[in-house]
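I have placed the structure first, in the form of structure tokens, so that the comments after it can refer back to it.
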Amino acid sequence: MPLPAKLRAVFQRRSDPKTIISVHSERLVVLVSILIVCLLGLPMWWTTTRVYRAELPTDQISRFTPKETLTIPLVFYINPTSGSPLPQALLADIEKTATGLVDSQRQQYAPKEWRVRYQPVVRSGPAPDTAGHYTLSVHTDTLGAPASVEFAVGRTALVTIPEKRSKKATLATLISDIIVKEEGETRQLGHGRSARVSASRALKYSPEYAVTFTLLNEDPVNGVTVDWDIEAAIDAYIRPFVEMLSPLTKLSITSQVLHDAGPPPIKPISSDNQTLLTPDMLTRFVNSPSWNLASTDPVSPMLNFILYIPALQSQPMHITRANKQLQTNAFLVSQWGGVAIANLPERTSPGSHIVLSRSQLQSYMGSMAPSVN
């Protein structure tokens, strides 16, 4: 049959009147097709197009406790007031007993609480004048006096022990009591108002920080030139602290000297042959644009600690609060660092050269970075 004849036959069949059965059959086919699309197509579309979201193990997270423990050694130097030093075997037994007593009294850490643990270390000989080192002078009493402890100035104490009483038990108990008290006070720092203040000052955690110590001389031309023994001071007062933090983060320390830095952007108040800085001035004291405080590490977060030498005509310069001078003469800048102001001796003449020794820098190190001491 020719093609035109076939087309005419098709159109003729389409123009034929439909029966009720054929109409219902077509509707049934349409409804079944829609039902198949809904039952099979929609689930397939939902499965292939939805965003995958993995379930978080909230129960495990809530019970998480950091495995890394920051262990800080507290070294006790035991020296008899008379006679020969204690044997090394006895010192080792005291350390072992004190460690056991501390472990038995240590409270369980709560979930999400960082672990800070003080570890007793017992030695003999003179103790260095640094944080974490204590001297226990032991006096053996033969007159029947009870055991007693008298704390002296600094990190020293006089321990009186009756002759018939065990030195090992007495000293181990004393050391464990000191450490348990220190740990309790440290854990309290994570609660209450002090925690909120610390949170406002804290930097976001980073596996590495760049720490820069800067000696900043405002006016060496009309004043004095100043240098410092910063390497020895860092090794003596900062390096032990850096080593304690090594399980948690790395601190890269650098130092620099900036001469002729220029005055700060605020003008101190002149009063009674001295200049004063009020708390509202401290927020604008750091003159970052003109002070070259760029870090040598452009990646790691930076902490700046500045030892500021005012011009001679501005000395002595003091920080006041409620009309009272601060003893530290230093202040912190939240999430930036700290500044300590160093006033030179009164009889310092223009044109002289001054070198700040390691011992002179000790007080400034504690002021600029209070957590070190």
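Ligands are numbered from 1 in the order shown, chains are lettered A, B, ... in the order of the structure tokens, and residues start at 1 in each chain.
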* **Residues within 9 Å of A:Pro316, only C-alpha atoms, excluding chain neighbours under 4 positions, as number ranges by chain** => A: 273-276, 310, 312, 342-346
Output N, CA and C atoms for every residue in that selection, as a tab-separated table (two decimals), in the first residue's frame.
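Dumped everything to out25.tsv:
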chain	number	residue	atom	x	y	z
A	273	ASN	N	56.86	65.97	88.01
A	273	ASN	CA	58.11	65.49	87.41
A	273	ASN	C	58.03	64.04	86.95
A	274	GLN	N	56.85	63.59	86.55
A	274	GLN	CA	56.67	62.26	86.00
A	274	GLN	C	55.51	62.28	85.01
A	275	THR	N	55.40	61.24	84.22
A	275	THR	CA	54.30	61.13	83.27
A	275	THR	C	53.47	59.91	83.63
A	276	LEU	N	52.15	60.03	83.43
A	276	LEU	CA	51.22	59.00	83.85
A	276	LEU	C	50.37	58.54	82.66
A	310	PRO	N	60.89	54.81	77.55
A	310	PRO	CA	60.43	56.16	77.20
A	310	PRO	C	61.60	57.12	77.02
A	312	LEU	N	63.91	60.31	77.83
A	312	LEU	CA	64.35	60.75	79.16
A	312	LEU	C	63.45	61.83	79.73
A	342	ALA	N	59.89	50.37	81.00
A	342	ALA	CA	61.11	50.34	81.81
A	342	ALA	C	61.63	51.76	81.99
A	343	ASN	N	61.71	52.21	83.24
A	343	ASN	CA	62.29	53.51	83.56
A	343	ASN	C	63.74	53.32	83.97
A	344	LEU	N	64.61	54.14	83.41
A	344	LEU	CA	66.04	54.05	83.71
A	344	LEU	C	66.35	54.75	85.03
A	345	PRO	N	67.51	54.48	85.62
A	345	PRO	CA	67.88	55.16	86.88
A	345	PRO	C	67.82	56.68	86.75
A	346	GLU	N	67.55	57.35	87.87
A	346	GLU	CA	67.32	58.80	87.85
A	346	GLU	C	68.54	59.56	87.33
* To do: From a DSSP pass on the backbone, collect the residues of stretch 60-225 of chain A flagged as strand (DSSP E) and hand them back as a count of residues only.
  => 52
* Structure fact -> If you count only C-alpha atoms, the residue of A:Thr225, A:Ser84, A:Asn304, A:Thr160 closest to A:Phe213 turns out to be A:Asn304
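The residue that comes closest to A:Asn329, out of A:Pro301, A:Pro350, A:Pro279, A:Pro57 and on the basis of only C-alpha atoms, is A:Pro279.
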* Asked: Taking into account only C-alpha atoms, which residue in the set A:Val29, A:Leu251, A:Gln315, A:Tyr308 is nearest to A:Ser270?
  -> A:Gln315
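Residues in contact with A:Glu208 at up to 7 Å, not including ones fewer than 5 positions away on its chain and judged by only C-alpha atoms, are Thr249, Lys250, Leu251 and Ser300 of chain A.
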Could you write those residues out with C-alpha atoms, as a CSV table (one decimal), in the first residue's frame?
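Output file out.csv is given in full below:
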chain,number,residue,atom,x,y,z
A,249,THR,CA,51.9,23.6,70.8
A,250,LYS,CA,55.2,25.0,69.4
A,251,LEU,CA,56.5,28.5,70.3
A,300,SER,CA,51.6,31.3,62.5
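Closest approach to A:Pro162 from the set A:Leu143, A:Ile179, A:Leu136, A:Ala131 is made by A:Leu143, with distances taken over only C-alpha atoms.
For stretch 70-137 of chain A, backbone-based DSSP labels the following residues as helix (DSSP H, G or I): Gln88, Ala89, Leu90, Leu91, Ala92, Asp93, Ile94, Glu95, Lys96, Thr97, Ala98, Thr99, Gly100, Leu101, Val102, Asp103, Ser104 and Gln105 of chain A.
Atom CA of A:Arg165 to atom CA of A:Thr140 spans 9.3 Å [interatomic distance, one decimal].
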* To one decimal place, how far is atom CA of A:Gln362 from atom CA of A:Asp235 in Å? -> 11.3 Å
